[in-house]
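Structure record follows, encoded as structure tokens.
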Amino acid sequence: MRWWVAFWALLVLALAAASIIAAGRLLRSGYMHQAGWEQNEPRVLIVPVGIAGRAGSVPPPELLRDLVGELASSLCLDYEIGESVELPARLLASEREQVEAHRALATLIARYRAQPYFRFLFITEEDLYVRGLNFVFGLAAPGGRAAIVSNARFGEEPAGSRVLENGVPLERLTKVALHEIGHTLLLRHSDDPRSVMKYHNSLAELDASGGGFTQTDIRGILYAYPGLEGRVR
């Protein structure tokens, strides 16, 4: 009788090991296929997002064009700027004049999930928050296909100028966008102050963090997505 119990125990262990191996392969290659990796060029769709009925909540197209240039210096992919989209007004918490980031991102993912882009990056001028925090600069589900970033807290722009003279708003936007894209590529927060994956919940921390991926970050990305070899800097 004991040998029969031992046989079934070994069988269960073998099946568990096979499941772990299969899951690892899914993370490294299968997910990229689901995300439209069959394209010759991995494409990222950048979408300006606003709230219905609120003027000025959609970022200007010239800012997004400059953002593409900044992102490409660290992550060399094919970037495309899509048409602006409006979220329903009910997603705005009127008592705090903020948009709940999880609900906004879920709404956008449901709208775009069938499109064969490698990643989606949603940019808004609306201030974002999540429950338990006063605000967030951005949000992404680790290993997911999409991230949302707010430009609301990156500095006041002087009249007639797209960015401050020192370029800080664009720099801040680029850091947060790259940080959130990093999360979609399975990177976690880093303790290295040189890394763009360093956690930040204030502008001072954001400005002090690095503006790109470290070698440790790059190794992590390529482990999960070896097809990005030569595209991550």
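Ordering of the structure tokens sets the chain letters (A, B, ...), residue numbers begin anew at 1 in every chain, and ligands are numbered from 1 in the order given.
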
- Taking the backbone alone, and naming residues the way the document does, which bits of stretch 123-188 of chain A are strand (DSSP E) by DSSP, as a ChimeraX atom specification? /A:123-124,128-129,138-140,146-150

Take the residues from that selection and write them out as a compact mmCIF listing (two decimals), in the first residue's frame, keeping all heavy atoms.
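Contents of again-v5.txt, freshly written:
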# COMPACT_ATOMS: atom_id res chain seq x y z
N ILE A 123 -1.52 58.53 -21.37
CA ILE A 123 -1.03 59.75 -20.73
C ILE A 123 -2.20 60.72 -20.53
O ILE A 123 -2.97 60.97 -21.45
CB ILE A 123 0.05 60.45 -21.58
CG1 ILE A 123 1.14 59.45 -22.02
CG2 ILE A 123 0.65 61.62 -20.81
CD1 ILE A 123 2.02 58.96 -20.90
N THR A 124 -2.31 61.27 -19.32
CA THR A 124 -3.38 62.21 -19.02
C THR A 124 -2.86 63.39 -18.23
O THR A 124 -1.84 63.30 -17.55
CB THR A 124 -4.51 61.51 -18.23
OG1 THR A 124 -5.58 62.44 -18.01
CG2 THR A 124 -4.01 61.00 -16.89
N LEU A 128 -4.07 61.56 -10.65
CA LEU A 128 -4.45 60.18 -10.36
C LEU A 128 -4.27 59.87 -8.88
O LEU A 128 -3.41 60.45 -8.20
CB LEU A 128 -3.61 59.21 -11.17
CG LEU A 128 -3.66 59.31 -12.70
CD1 LEU A 128 -2.65 58.34 -13.31
CD2 LEU A 128 -5.06 59.03 -13.23
N TYR A 129 -5.06 58.93 -8.39
CA TYR A 129 -4.87 58.43 -7.03
C TYR A 129 -5.26 56.96 -6.99
O TYR A 129 -5.92 56.44 -7.91
CB TYR A 129 -5.70 59.23 -6.02
CG TYR A 129 -7.15 58.83 -5.97
CD1 TYR A 129 -7.65 57.98 -4.97
CD2 TYR A 129 -8.06 59.30 -6.93
CE1 TYR A 129 -8.98 57.63 -4.93
CE2 TYR A 129 -9.40 58.95 -6.89
CZ TYR A 129 -9.85 58.11 -5.88
OH TYR A 129 -11.18 57.74 -5.84
N GLY A 138 1.74 57.40 -11.63
CA GLY A 138 1.36 56.45 -12.67
C GLY A 138 1.00 55.11 -12.07
O GLY A 138 1.16 54.88 -10.86
N LEU A 139 0.55 54.21 -12.92
CA LEU A 139 0.14 52.89 -12.46
C LEU A 139 0.29 51.89 -13.60
O LEU A 139 -0.04 52.19 -14.75
CB LEU A 139 -1.32 52.90 -11.99
CG LEU A 139 -1.90 51.57 -11.50
CD1 LEU A 139 -1.30 51.20 -10.15
CD2 LEU A 139 -3.42 51.65 -11.40
N ALA A 140 0.78 50.70 -13.26
CA ALA A 140 0.86 49.60 -14.22
C ALA A 140 0.73 48.29 -13.48
O ALA A 140 1.18 48.17 -12.33
CB ALA A 140 2.19 49.63 -14.98
N ALA A 146 -0.33 47.33 -20.23
CA ALA A 146 -0.67 48.75 -20.26
C ALA A 146 -0.27 49.46 -18.99
O ALA A 146 -0.17 48.87 -17.91
CB ALA A 146 -2.17 48.91 -20.49
N ALA A 147 -0.05 50.77 -19.13
CA ALA A 147 0.25 51.65 -18.00
C ALA A 147 -0.41 52.99 -18.25
O ALA A 147 -0.62 53.39 -19.39
CB ALA A 147 1.77 51.81 -17.85
N ILE A 148 -0.72 53.68 -17.15
CA ILE A 148 -1.27 55.03 -17.25
C ILE A 148 -0.38 55.96 -16.43
O ILE A 148 0.09 55.60 -15.35
CB ILE A 148 -2.73 55.09 -16.76
CG1 ILE A 148 -3.31 56.48 -17.03
CG2 ILE A 148 -2.87 54.69 -15.31
CD1 ILE A 148 -4.83 56.56 -16.84
N VAL A 149 -0.14 57.16 -16.97
CA VAL A 149 0.73 58.14 -16.34
C VAL A 149 0.03 59.49 -16.35
O VAL A 149 -0.59 59.87 -17.35
CB VAL A 149 2.09 58.23 -17.07
CG1 VAL A 149 2.92 59.39 -16.53
CG2 VAL A 149 2.85 56.92 -16.94
N SER A 150 0.15 60.20 -15.23
CA SER A 150 -0.41 61.55 -15.13
C SER A 150 0.69 62.59 -15.20
O SER A 150 1.74 62.45 -14.56
CB SER A 150 -1.18 61.70 -13.82
OG SER A 150 -1.48 63.07 -13.58

- Task: Excluding A:Leu133 and residues on its chain fewer than 6 positions from it, collect all residues at most 12 Å away from it, counting only C-alpha atoms, and give them as a PyMOL selection string.
- Result: chain A and resi 98+100-101+201-202

Export of the given selection (N, CA, C and O atoms) as an mmCIF file, in the first residue's frame:
data_model
loop_
_atom_site.group_PDB
_atom_site.id
_atom_site.type_symbol
_atom_site.label_atom_id
_atom_site.label_comp_id
_atom_site.auth_asym_id
_atom_site.auth_seq_id
_atom_site.Cartn_x
_atom_site.Cartn_y
_atom_site.Cartn_z
ATOM 1 N N GLN A 98 -9.831 64.129 -8.631
ATOM 2 C CA GLN A 98 -8.843 63.151 -9.064
ATOM 3 C C GLN A 98 -9.539 61.963 -9.712
ATOM 4 O O GLN A 98 -10.725 61.710 -9.488
ATOM 5 N N GLU A 100 -9.471 57.822 -10.133
ATOM 6 C CA GLU A 100 -8.953 56.600 -9.519
ATOM 7 C C GLU A 100 -8.224 55.791 -10.591
ATOM 8 O O GLU A 100 -8.819 55.382 -11.589
ATOM 9 N N ALA A 101 -6.931 55.573 -10.385
ATOM 10 C CA ALA A 101 -6.073 55.029 -11.437
ATOM 11 C C ALA A 101 -6.444 53.606 -11.839
ATOM 12 O O ALA A 101 -6.398 53.265 -13.026
ATOM 13 N N ASN A 201 7.595 58.766 -4.312
ATOM 14 C CA ASN A 201 6.243 59.280 -4.076
ATOM 15 C C ASN A 201 6.268 60.780 -3.803
ATOM 16 O O ASN A 201 5.356 61.319 -3.177
ATOM 17 N N SER A 202 7.321 61.448 -4.286
ATOM 18 C CA SER A 202 7.398 62.906 -4.228
ATOM 19 C C SER A 202 8.229 63.375 -5.415
ATOM 20 O O SER A 202 9.006 62.601 -5.999
#

- Message: Report as a list in words all protein, DNA and RNA residues lying within 12 Å of A:Tyr112, evaluated on only C-alpha atoms, omitting residues in the same chain fewer than 6 positions from it.
- Response: Ala35, Leu45, Ile46, Val47, Gly82, Val85, Leu105, Ala106, Phe118, Arg119, Phe120, Leu121, Phe122, Arg145 and Ala146 of chain A

Would you export the selected residues with C-alpha atoms as a PDB file, in the first residue's frame, please?
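Writing the result to result.pdb gives the following:
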ATOM      1  CA  ALA A  35       0.690  40.845 -26.839  1.00  0.00           C
ATOM      2  CA  LEU A  45       0.727  52.791 -28.693  1.00  0.00           C
ATOM      3  CA  ILE A  46       0.772  56.062 -26.747  1.00  0.00           C
ATOM      4  CA  VAL A  47      -2.733  57.378 -26.169  1.00  0.00           C
ATOM      5  CA  GLY A  82      -2.959  57.333 -31.170  1.00  0.00           C
ATOM      6  CA  VAL A  85      -9.779  59.176 -25.942  1.00  0.00           C
ATOM      7  CA  LEU A 105      -6.638  51.757 -16.440  1.00  0.00           C
ATOM      8  CA  ALA A 106      -9.154  48.895 -16.369  1.00  0.00           C
ATOM      9  CA  PHE A 118       3.118  45.087 -27.556  1.00  0.00           C
ATOM     10  CA  ARG A 119       2.376  47.745 -24.941  1.00  0.00           C
ATOM     11  CA  PHE A 120      -0.061  50.611 -24.351  1.00  0.00           C
ATOM     12  CA  LEU A 121       0.919  53.831 -22.603  1.00  0.00           C
ATOM     13  CA  PHE A 122      -1.922  56.133 -21.602  1.00  0.00           C
ATOM     14  CA  ARG A 145       0.320  45.264 -21.367  1.00  0.00           C
ATOM     15  CA  ALA A 146      -0.670  48.749 -20.263  1.00  0.00           C
TER      16      ALA A 146
END

- So, counting only C-alpha atoms, which residue among A:Gly56, A:Lys175, A:Glu205, A:Pro42 is closest to A:Tyr225? A:Pro42

- Between atom CA of A:Ser190 and atom CA of A:Thr107, measure the distance and give it in Å to one decimal.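 Distance reported for this atom pair: 28.8 Å.
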
- Coordinates-based distance that separates atom CA of A:Pro60 from atom CA of A:Pro88 (Å, one decimal):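 Going from atom CA of A:Pro88 over to atom CA of A:Pro60, I get 19.8 Å.
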
Do a neighbour search on A:Asp66 at 9 Å with only C-alpha atoms, toss out local chain neighbours closer than 5 positions, and write the hits as a compact mmCIF listing (two decimals) with C-alpha atoms, in the first residue's frame.
# COMPACT_ATOMS: atom_id res chain seq x y z
CA PRO A 61 0.44 66.25 -29.02
CA LEU A 71 11.62 56.88 -24.40
CA LEU A 170 9.34 66.40 -19.81

- Can you pull out every residue within 10 Å of A:Leu178, counting only C-alpha atoms, but drop anything in the same chain fewer than 5 positions away, and send it as a list of chain:residue names?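 These residues fall inside the cut-off: A:Glu70, A:Leu71, A:Ala72, A:Ser74, A:Leu75, A:Leu121, A:Ala147, A:Val149, A:Arg172, A:Leu173, A:His183, A:Thr184, A:Val196, A:Met197, A:Gly211, A:Gly212, A:Phe213.
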
- Option closest in space to A:Ala55, from A:Asp191, A:Glu125, A:Gly227, A:Arg103 [counting only C-alpha atoms]: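 Going through A:Asp191, A:Glu125, A:Gly227, A:Arg103 one by one, the smallest distance to A:Ala55 is for A:Glu125.
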